[in-house]
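As structure tokens, the structure follows; a few thoughts come after it.
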Amino acid sequence: MIGCHDLSVHFGPNTALESVSATFAPGVLSAVVGPNGGGKTTLLRALAGLQKASKGKIVCDGPVAYLSQRPETDHRFPMCVEEYVLTGTWRRTGDARRLGRDEFDRAHDALFRVGLADKRAQPLEVLSGGQWQRARFARLIVEDAPIVLLDEPLTGIDVPSAELLLALLDQWRNEGRTVVTVLHDLPLVLERFSHVAVMAGRLVASGAPTECLHGGLPSADSTGSGTHAGLSGAGGYTARAAGSPSASSGELAPKGAPLPASVMTTRAGPR
Amino acid sequence: MSTVLDLLVGPFSEFDFMRHALVGSLALSIGCTPVGVFLLLRRMSLMGDSLSHAVLPGAAIGYLIGGLSLPWMAGGGMVAGLLVALLAGLSSRRTRLDEGASFAGFYLLALAGGVVIVSKWGNSVDLMHLLFGSVLAVDDPSLILVAAIATVTLLWFGWHYRGLVLDSADPTFLGHGHGKSVMRYHLGFTVLTVMNLVAGFQAMGTLMAVGLMMLPAATARLVARTLPGMLLVAWLVASASSVIGLLISYYLACPSGPAIVLTAGIAYLGALLATPGQANTAKAPAL
């Protein structure tokens, strides 16, 4: 379980998150959706302990693994792929404890699973963007944390990589871990996730995706247009967000105007 | 053959001060090189330079109070270096200046202040001594100080190696999770950097102390593929530069600090020429 209570984050005079209270349960795939600038990444960073809260508190009952939106590792650091994946053991080994045979086995299995077994001894700088993402998935496997936070993990990866991650997510859910994923692919959220938090500077809605992203949206009420329902309205959440007082409506699509299909289907993988 | 051996060993067997300088610079090579390698990998190569200049006013004030006394000069240098690191760190966190600009501001202030202090209340010989060091200054207490700092450095690196690697390669990964402070790696490393610069400035001078840190590290980055390999190559280059530099300084009667740094610089140029166009190599395994 991980959650926050009355969480606010300010960057100078700007408010990124305002009074967010949310709980993500174990054994459930939870998604966080919302428009750009809606505070999704800030929420995840705060949950991961990387962002100091201006107000409120974070509650969690176990170690947290966090996959940032972009790889923040120095890819020119003299380190090979296997060593990189082994850094996932840090929480268990720290500075001094010896890496056991089981840790190496775990790293090898993870590399095999993500299809990078042949790159094991290569330096980090040979990895392409998609391979990097796979290496990061492998490190997540090695981290073996009960709480996993993922920030747009499907961006910029090919179909097999996306399938690999989705299979991992299912496995983690079945193992009873807490999985929270920031996503822009709303059809995917509807299909595979059972909890969603809709963010737009504050928590706009949370609950079952079908309620929050489909008929439950008061989009027609708030915009008065009634020309769209659920997903067709700027990705489903924006109509609701635009109706909220704290959302910045400037970057949203015109209310009621359906977006091109390309905006909606950001995921390369199959449904 | 024996003539060559005499030329190489003679100065050290004959003169006590040369033996002191040799032991001092070899001990310095042990402590300085891991610091230099990690400064380079953390992309803070010029921070070492800034900090070495920042040591000057503290050492100068110590020198004016206690003369050529080790506790005063080393203590003063240590305080000044840490103060500049602290102020620059604070200003890069609290203002929109990045770390480079903050360090530039404070080290220039410290350097100018140090030169004014020495030239106002000391003399130009003192200034040259502080800036470029002197092998004659390496007495027994200095040796003990240098050896102690090298020992502390090695122990700290041994204990914090993994965390420091993570803090250098992937600070976000190290920072996530709750309740663990990761500032200790950055802070500990900064303190070690200042300590090693203070250890170096007696023999090398404040301007040259950073040379034995960064040049072997840069050479090692060009030559070695792995981090342990880099640490080994850097140490070998620094040690060899120390011996060769001291001999050059003896035979050509020039200051020891610049001679050692020049030798390390030649190794660096050699590595540059020997490894052309390898920016995107990495075909060979890194293990």
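Here's how to read the names in the structure tokens: chain A, B, ... by the order shown, residue numbers from 1 in each chain, ligand numbers from 1 in the order shown.
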Open item on the list: Based on only C-alpha atoms, which of the residues in chain A come within 6 Å of chain B? I want them as a VMD selection string.
Closed with: chain A and resid 48 to 50 64 73 to 74 78 80 95 121 to 123
Task: Contact residues around stretch 24-35 of chain B with only C-alpha atoms at 6 Å, ignoring same-chain residues under 6 positions, as a list in words - done: Leu143, Ala147, Ala150, Thr153, Asn196, Met213, Ala234, Trp235, Ala238, Ser239 and Ser242 of chain B
May I have the selected residues written with N, CA and C atoms, as a PDB file, in the first residue's frame?
```pdb
ATOM      1  N   LEU B 143      54.651  14.683   6.145  1.00  0.00           N
ATOM      2  CA  LEU B 143      54.514  13.307   5.659  1.00  0.00           C
ATOM      3  C   LEU B 143      53.425  12.571   6.411  1.00  0.00           C
ATOM      4  N   ALA B 147      50.126  11.066   4.727  1.00  0.00           N
ATOM      5  CA  ALA B 147      49.848   9.634   4.856  1.00  0.00           C
ATOM      6  C   ALA B 147      48.522   9.402   5.565  1.00  0.00           C
ATOM      7  N   ALA B 150      45.767  10.130   3.109  1.00  0.00           N
ATOM      8  CA  ALA B 150      45.646   9.047   2.127  1.00  0.00           C
ATOM      9  C   ALA B 150      44.955   7.837   2.756  1.00  0.00           C
ATOM     10  N   THR B 153      41.289   8.549   3.166  1.00  0.00           N
ATOM     11  CA  THR B 153      40.657   8.516   1.841  1.00  0.00           C
ATOM     12  C   THR B 153      40.384   7.089   1.400  1.00  0.00           C
ATOM     13  N   ASN B 196      42.360  16.229   0.478  1.00  0.00           N
ATOM     14  CA  ASN B 196      43.462  15.828  -0.402  1.00  0.00           C
ATOM     15  C   ASN B 196      44.145  17.028  -1.046  1.00  0.00           C
ATOM     16  N   MET B 213      45.609  15.214  -9.212  1.00  0.00           N
ATOM     17  CA  MET B 213      44.278  14.626  -9.077  1.00  0.00           C
ATOM     18  C   MET B 213      43.665  14.361 -10.450  1.00  0.00           C
ATOM     19  N   ALA B 234      45.030   5.295 -13.051  1.00  0.00           N
ATOM     20  CA  ALA B 234      45.255   6.632 -12.509  1.00  0.00           C
ATOM     21  C   ALA B 234      46.333   6.599 -11.427  1.00  0.00           C
ATOM     22  N   TRP B 235      46.257   5.577 -10.568  1.00  0.00           N
ATOM     23  CA  TRP B 235      47.243   5.481  -9.501  1.00  0.00           C
ATOM     24  C   TRP B 235      48.641   5.247 -10.063  1.00  0.00           C
ATOM     25  N   ALA B 238      49.919   8.458 -11.677  1.00  0.00           N
ATOM     26  CA  ALA B 238      50.280   9.458 -10.669  1.00  0.00           C
ATOM     27  C   ALA B 238      51.591   9.082  -9.985  1.00  0.00           C
ATOM     28  N   SER B 239      51.750   7.807  -9.670  1.00  0.00           N
ATOM     29  CA  SER B 239      52.974   7.387  -8.982  1.00  0.00           C
ATOM     30  C   SER B 239      54.188   7.559  -9.891  1.00  0.00           C
ATOM     31  N   SER B 242      55.088  11.114 -10.216  1.00  0.00           N
ATOM     32  CA  SER B 242      55.735  11.637  -9.018  1.00  0.00           C
ATOM     33  C   SER B 242      57.236  11.366  -9.077  1.00  0.00           C
TER      34      SER B 242
END
```
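Atom CA of A:Ile58 sits 27.7 Å away from atom CA of B:Ser92.
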- [ ] Going by DSSP on the backbone, which bits of stretch 70-139 of chain B are alpha helix (DSSP H)? Write them as a PyMOL selection string, please.
- [x] chain B and resi 70-94+99-121+124-132
Open item on the list: What does the structure give for the distance between atom CA of A:Ala208 and atom CA of A:Ser30, in Å to one decimal?
Closed with: 9.4 Å
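Between B:Ala271 and the residues B:Val243, B:Leu154, B:Ala220, B:Ser249, the shortest atom-to-atom distance, using only C-alpha atoms, involves B:Ala220.
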Task: For A:Val196: contacts at 7 Å, only C-alpha atoms, fewer than 5 positions along chain excluded, given as an MDAnalysis selection string - done: chainID A and resid 30:32 206:209
TODO: Determine which residues of stretch 129-212 of chain A DSSP labels as strand (DSSP E) from the backbone of this structure, then write them out as a list in words.
DONE: Ile147, Val148, Leu149, Leu150, Asp151, Thr178, Val179, Val180, Thr181, Val182, His195, Val196, Ala197, Val198, Met199, Leu203, Val204, Ala205, Ser206 and Gly207 of chain A
Open item on the list: Taking 4 positions as the minimum chain separation for residues in the same chain, which residues sit within 12 Å of A:Trp172 when counting only C-alpha atoms? Answer as number ranges by chain.
Closed with: A: 26-30, 140-141, 144-149, 165-168, 176-180
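Note that atom CA of B:Val116 and atom CA of B:Ile65 are 15.4 Å apart.
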Spatial neighbours of stretch 106-120 of chain A, 12 Å, only C-alpha atoms, chain gap at least 2 places, as a PDB file with N, CA and C atoms, in the first residue's frame:
```
ATOM      1  N   MET A  79      30.472   1.290 -16.747  1.00  0.00           N
ATOM      2  CA  MET A  79      29.727   0.265 -16.035  1.00  0.00           C
ATOM      3  C   MET A  79      29.106  -0.617 -17.122  1.00  0.00           C
ATOM      4  N   CYS A  80      29.037  -1.923 -16.905  1.00  0.00           N
ATOM      5  CA  CYS A  80      28.426  -2.763 -17.932  1.00  0.00           C
ATOM      6  C   CYS A  80      26.959  -3.005 -17.584  1.00  0.00           C
ATOM      7  N   VAL A  81      26.226  -3.560 -18.537  1.00  0.00           N
ATOM      8  CA  VAL A  81      24.780  -3.701 -18.362  1.00  0.00           C
ATOM      9  C   VAL A  81      24.464  -4.549 -17.134  1.00  0.00           C
ATOM     10  N   GLU A  82      25.232  -5.617 -16.944  1.00  0.00           N
ATOM     11  CA  GLU A  82      24.975  -6.476 -15.795  1.00  0.00           C
ATOM     12  C   GLU A  82      25.191  -5.714 -14.477  1.00  0.00           C
ATOM     13  N   GLU A  83      26.256  -4.924 -14.428  1.00  0.00           N
ATOM     14  CA  GLU A  83      26.511  -4.145 -13.206  1.00  0.00           C
ATOM     15  C   GLU A  83      25.375  -3.165 -12.958  1.00  0.00           C
ATOM     16  N   TYR A  84      24.884  -2.559 -14.064  1.00  0.00           N
ATOM     17  CA  TYR A  84      23.769  -1.628 -13.925  1.00  0.00           C
ATOM     18  C   TYR A  84      22.557  -2.335 -13.312  1.00  0.00           C
ATOM     19  N   VAL A  85      22.235  -3.513 -13.843  1.00  0.00           N
ATOM     20  CA  VAL A  85      21.071  -4.242 -13.336  1.00  0.00           C
ATOM     21  C   VAL A  85      21.307  -4.656 -11.873  1.00  0.00           C
ATOM     22  N   LEU A  86      22.556  -4.985 -11.556  1.00  0.00           N
ATOM     23  CA  LEU A  86      22.870  -5.386 -10.173  1.00  0.00           C
ATOM     24  C   LEU A  86      22.738  -4.225  -9.185  1.00  0.00           C
ATOM     25  N   THR A  87      22.782  -2.984  -9.691  1.00  0.00           N
ATOM     26  CA  THR A  87      22.580  -1.871  -8.754  1.00  0.00           C
ATOM     27  C   THR A  87      21.180  -1.938  -8.137  1.00  0.00           C
ATOM     28  N   GLY A  88      20.291  -2.700  -8.764  1.00  0.00           N
ATOM     29  CA  GLY A  88      18.961  -2.896  -8.189  1.00  0.00           C
ATOM     30  C   GLY A  88      18.993  -3.588  -6.837  1.00  0.00           C
ATOM     31  N   THR A  89      20.118  -4.203  -6.493  1.00  0.00           N
ATOM     32  CA  THR A  89      20.210  -4.887  -5.203  1.00  0.00           C
ATOM     33  C   THR A  89      20.560  -3.927  -4.069  1.00  0.00           C
ATOM     34  N   LEU A  99      27.552  -9.303  -2.462  1.00  0.00           N
ATOM     35  CA  LEU A  99      26.530  -9.753  -3.400  1.00  0.00           C
ATOM     36  C   LEU A  99      26.582 -11.270  -3.485  1.00  0.00           C
ATOM     37  N   GLY A 100      25.496 -11.925  -3.117  1.00  0.00           N
ATOM     38  CA  GLY A 100      25.485 -13.390  -3.120  1.00  0.00           C
ATOM     39  C   GLY A 100      25.239 -13.948  -4.518  1.00  0.00           C
ATOM     40  N   ARG A 101      25.418 -15.242  -4.634  1.00  0.00           N
ATOM     41  CA  ARG A 101      25.178 -15.936  -5.903  1.00  0.00           C
ATOM     42  C   ARG A 101      23.737 -15.699  -6.373  1.00  0.00           C
ATOM     43  N   ASP A 102      22.801 -15.692  -5.408  1.00  0.00           N
ATOM     44  CA  ASP A 102      21.392 -15.542  -5.777  1.00  0.00           C
ATOM     45  C   ASP A 102      21.125 -14.195  -6.440  1.00  0.00           C
ATOM     46  N   GLU A 103      21.861 -13.161  -5.994  1.00  0.00           N
ATOM     47  CA  GLU A 103      21.664 -11.844  -6.608  1.00  0.00           C
ATOM     48  C   GLU A 103      22.135 -11.857  -8.058  1.00  0.00           C
ATOM     49  N   PHE A 104      23.264 -12.506  -8.302  1.00  0.00           N
ATOM     50  CA  PHE A 104      23.753 -12.601  -9.682  1.00  0.00           C
ATOM     51  C   PHE A 104      22.767 -13.402 -10.531  1.00  0.00           C
ATOM     52  N   GLN A 122      28.333  -5.761 -22.005  1.00  0.00           N
ATOM     53  CA  GLN A 122      28.595  -4.563 -22.811  1.00  0.00           C
ATOM     54  C   GLN A 122      28.513  -3.312 -21.949  1.00  0.00           C
ATOM     55  N   PRO A 123      29.281  -2.293 -22.314  1.00  0.00           N
ATOM     56  CA  PRO A 123      29.149  -1.041 -21.572  1.00  0.00           C
ATOM     57  C   PRO A 123      27.776  -0.395 -21.822  1.00  0.00           C
ATOM     58  N   LEU A 124      27.353   0.432 -20.884  1.00  0.00           N
ATOM     59  CA  LEU A 124      26.015   1.025 -20.964  1.00  0.00           C
ATOM     60  C   LEU A 124      25.803   1.826 -22.234  1.00  0.00           C
ATOM     61  N   GLU A 125      26.874   2.448 -22.739  1.00  0.00           N
ATOM     62  CA  GLU A 125      26.681   3.386 -23.850  1.00  0.00           C
ATOM     63  C   GLU A 125      26.297   2.706 -25.159  1.00  0.00           C
ATOM     64  N   VAL A 126      26.368   1.354 -25.240  1.00  0.00           N
ATOM     65  CA  VAL A 126      25.970   0.711 -26.495  1.00  0.00           C
ATOM     66  C   VAL A 126      24.454   0.556 -26.593  1.00  0.00           C
ATOM     67  N   LEU A 127      23.750   0.729 -25.486  1.00  0.00           N
ATOM     68  CA  LEU A 127      22.311   0.473 -25.493  1.00  0.00           C
ATOM     69  C   LEU A 127      21.563   1.557 -26.265  1.00  0.00           C
ATOM     70  N   SER A 128      20.567   1.148 -27.050  1.00  0.00           N
ATOM     71  CA  SER A 128      19.698   2.103 -27.724  1.00  0.00           C
ATOM     72  C   SER A 128      18.625   2.556 -26.737  1.00  0.00           C
ATOM     73  N   GLY A 130      15.357   2.095 -26.636  1.00  0.00           N
ATOM     74  CA  GLY A 130      14.439   1.031 -26.232  1.00  0.00           C
ATOM     75  C   GLY A 130      15.129  -0.011 -25.362  1.00  0.00           C
ATOM     76  N   GLN A 131      16.388  -0.331 -25.705  1.00  0.00           N
ATOM     77  CA  GLN A 131      17.136  -1.291 -24.891  1.00  0.00           C
ATOM     78  C   GLN A 131      17.373  -0.750 -23.493  1.00  0.00           C
ATOM     79  N   TRP A 132      17.574   0.563 -23.414  1.00  0.00           N
ATOM     80  CA  TRP A 132      17.735   1.205 -22.116  1.00  0.00           C
ATOM     81  C   TRP A 132      16.507   0.945 -21.253  1.00  0.00           C
ATOM     82  N   GLN A 133      15.353   1.146 -21.867  1.00  0.00           N
ATOM     83  CA  GLN A 133      14.120   0.949 -21.112  1.00  0.00           C
ATOM     84  C   GLN A 133      14.022  -0.505 -20.637  1.00  0.00           C
ATOM     85  N   ARG A 134      14.444  -1.445 -21.491  1.00  0.00           N
ATOM     86  CA  ARG A 134      14.423  -2.858 -21.086  1.00  0.00           C
ATOM     87  C   ARG A 134      15.400  -3.106 -19.939  1.00  0.00           C
ATOM     88  N   ALA A 135      16.569  -2.482 -20.030  1.00  0.00           N
ATOM     89  CA  ALA A 135      17.541  -2.648 -18.938  1.00  0.00           C
ATOM     90  C   ALA A 135      16.964  -2.106 -17.635  1.00  0.00           C
ATOM     91  N   ARG A 136      16.198  -1.015 -17.743  1.00  0.00           N
ATOM     92  CA  ARG A 136      15.589  -0.449 -16.529  1.00  0.00           C
ATOM     93  C   ARG A 136      14.507  -1.377 -15.985  1.00  0.00           C
ATOM     94  N   PHE A 137      13.762  -2.030 -16.896  1.00  0.00           N
ATOM     95  CA  PHE A 137      12.788  -3.031 -16.427  1.00  0.00           C
ATOM     96  C   PHE A 137      13.523  -4.139 -15.681  1.00  0.00           C
ATOM     97  N   ALA A 138      14.668  -4.570 -16.243  1.00  0.00           N
ATOM     98  CA  ALA A 138      15.432  -5.650 -15.599  1.00  0.00           C
ATOM     99  C   ALA A 138      15.853  -5.228 -14.197  1.00  0.00           C
ATOM    100  N   ARG A 139      16.259  -3.971 -14.051  1.00  0.00           N
ATOM    101  CA  ARG A 139      16.663  -3.521 -12.714  1.00  0.00           C
ATOM    102  C   ARG A 139      15.466  -3.507 -11.765  1.00  0.00           C
ATOM    103  N   LEU A 140      14.294  -3.137 -12.303  1.00  0.00           N
ATOM    104  CA  LEU A 140      13.088  -3.163 -11.469  1.00  0.00           C
ATOM    105  C   LEU A 140      12.818  -4.580 -10.961  1.00  0.00           C
ATOM    106  N   ILE A 141      13.014  -5.580 -11.859  1.00  0.00           N
ATOM    107  CA  ILE A 141      12.802  -6.967 -11.453  1.00  0.00           C
ATOM    108  C   ILE A 141      13.761  -7.319 -10.320  1.00  0.00           C
ATOM    109  N   VAL A 142      15.025  -6.897 -10.487  1.00  0.00           N
ATOM    110  CA  VAL A 142      16.031  -7.214  -9.464  1.00  0.00           C
ATOM    111  C   VAL A 142      15.720  -6.492  -8.157  1.00  0.00           C
ATOM    112  N   GLU A 143      15.174  -5.287  -8.267  1.00  0.00           N
ATOM    113  CA  GLU A 143      14.852  -4.541  -7.043  1.00  0.00           C
ATOM    114  C   GLU A 143      13.844  -5.296  -6.172  1.00  0.00           C
ATOM    115  N   ASP A 144      12.895  -5.942  -6.827  1.00  0.00           N
ATOM    116  CA  ASP A 144      11.983  -6.834  -6.111  1.00  0.00           C
ATOM    117  C   ASP A 144      11.253  -6.103  -4.976  1.00  0.00           C
ATOM    118  N   PRO A 160       7.003  -5.527 -28.615  1.00  0.00           N
ATOM    119  CA  PRO A 160       7.418  -6.596 -27.696  1.00  0.00           C
ATOM    120  C   PRO A 160       7.811  -6.064 -26.319  1.00  0.00           C
ATOM    121  N   SER A 161       8.477  -4.899 -26.274  1.00  0.00           N
ATOM    122  CA  SER A 161       8.869  -4.330 -24.979  1.00  0.00           C
ATOM    123  C   SER A 161       7.628  -3.973 -24.172  1.00  0.00           C
ATOM    124  N   ALA A 162       6.615  -3.399 -24.861  1.00  0.00           N
ATOM    125  CA  ALA A 162       5.381  -3.033 -24.175  1.00  0.00           C
ATOM    126  C   ALA A 162       4.687  -4.273 -23.626  1.00  0.00           C
ATOM    127  N   GLU A 163       4.674  -5.326 -24.447  1.00  0.00           N
ATOM    128  CA  GLU A 163       4.051  -6.577 -23.987  1.00  0.00           C
ATOM    129  C   GLU A 163       4.783  -7.127 -22.782  1.00  0.00           C
ATOM    130  N   LEU A 164       6.099  -7.058 -22.857  1.00  0.00           N
ATOM    131  CA  LEU A 164       6.927  -7.536 -21.748  1.00  0.00           C
ATOM    132  C   LEU A 164       6.561  -6.812 -20.464  1.00  0.00           C
ATOM    133  N   LEU A 165       6.460  -5.479 -20.555  1.00  0.00           N
ATOM    134  CA  LEU A 165       6.156  -4.721 -19.342  1.00  0.00           C
ATOM    135  C   LEU A 165       4.757  -5.035 -18.833  1.00  0.00           C
ATOM    136  N   ALA A 167       3.122  -7.768 -19.157  1.00  0.00           N
ATOM    137  CA  ALA A 167       3.154  -9.079 -18.509  1.00  0.00           C
ATOM    138  C   ALA A 167       3.760  -8.968 -17.110  1.00  0.00           C
ATOM    139  N   LEU A 168       4.798  -8.127 -17.012  1.00  0.00           N
ATOM    140  CA  LEU A 168       5.420  -7.904 -15.704  1.00  0.00           C
ATOM    141  C   LEU A 168       4.426  -7.306 -14.719  1.00  0.00           C
TER     142      LEU A 168
ATOM    143  N   ALA B 282      33.297   0.906 -27.694  1.00  0.00           N
ATOM    144  CA  ALA B 282      32.478   0.029 -26.864  1.00  0.00           C
ATOM    145  C   ALA B 282      32.014  -1.201 -27.599  1.00  0.00           C
ATOM    146  N   LYS B 283      32.837  -1.715 -28.470  1.00  0.00           N
ATOM    147  CA  LYS B 283      32.500  -3.008 -29.063  1.00  0.00           C
ATOM    148  C   LYS B 283      32.961  -4.134 -28.128  1.00  0.00           C
ATOM    149  N   ALA B 284      34.023  -3.869 -27.442  1.00  0.00           N
ATOM    150  CA  ALA B 284      34.585  -4.913 -26.579  1.00  0.00           C
ATOM    151  C   ALA B 284      33.819  -4.980 -25.262  1.00  0.00           C
ATOM    152  N   PRO B 285      33.795  -6.149 -24.651  1.00  0.00           N
ATOM    153  CA  PRO B 285      33.086  -6.285 -23.378  1.00  0.00           C
ATOM    154  C   PRO B 285      33.689  -5.386 -22.303  1.00  0.00           C
ATOM    155  N   ALA B 286      32.849  -4.955 -21.401  1.00  0.00           N
ATOM    156  CA  ALA B 286      33.322  -4.072 -20.338  1.00  0.00           C
ATOM    157  C   ALA B 286      33.693  -4.853 -19.099  1.00  0.00           C
ATOM    158  N   LEU B 287      33.393  -6.139 -19.080  1.00  0.00           N
ATOM    159  CA  LEU B 287      33.705  -6.901 -17.858  1.00  0.00           C
ATOM    160  C   LEU B 287      35.131  -7.403 -17.907  1.00  0.00           C
TER     161      LEU B 287
END
```
Task: Within 9 Å of A:Thr41 using only C-alpha atoms, minus same-chain residues under 4 positions, as a list in words - done: Gly37, Arg45, Ala46, Ser68, Gln69, Asp151, Glu152 and Val182 of chain A
Selection file, N, CA and C atoms, as a CSV table (one decimal), in the first residue's frame:
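Dumped to selection.csv:
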```csv
chain,number,residue,atom,x,y,z
A,37,GLY,N,1.3,18.6,-17.3
A,37,GLY,CA,1.3,19.6,-16.3
A,37,GLY,C,0.3,19.4,-15.2
A,45,ARG,N,6.9,11.3,-7.9
A,45,ARG,CA,8.2,11.6,-7.2
A,45,ARG,C,8.0,11.8,-5.8
A,46,ALA,N,6.9,12.5,-5.4
A,46,ALA,CA,6.6,12.7,-3.9
A,46,ALA,C,6.4,11.3,-3.3
A,68,SER,N,11.7,6.4,-13.4
A,68,SER,CA,11.4,7.7,-13.8
A,68,SER,C,11.0,7.8,-15.3
A,69,GLN,N,10.5,9.0,-15.6
A,69,GLN,CA,10.0,9.1,-17.0
A,69,GLN,C,11.1,8.9,-18.0
A,151,ASP,N,6.6,5.8,-14.2
A,151,ASP,CA,6.2,7.0,-14.8
A,151,ASP,C,6.3,6.9,-16.3
A,152,GLU,N,5.2,6.8,-16.9
A,152,GLU,CA,5.1,6.6,-18.4
A,152,GLU,C,6.1,5.6,-18.9
A,182,VAL,N,1.8,5.8,-14.3
A,182,VAL,CA,1.3,7.0,-15.0
A,182,VAL,C,1.2,6.6,-16.4
```
- [ ] Have a look at A:Pro63, A:Pro71, A:Glu211, A:Leu203 and name the one nearest to A:Gly156; count only C-alpha atoms.
- [x] A:Pro71
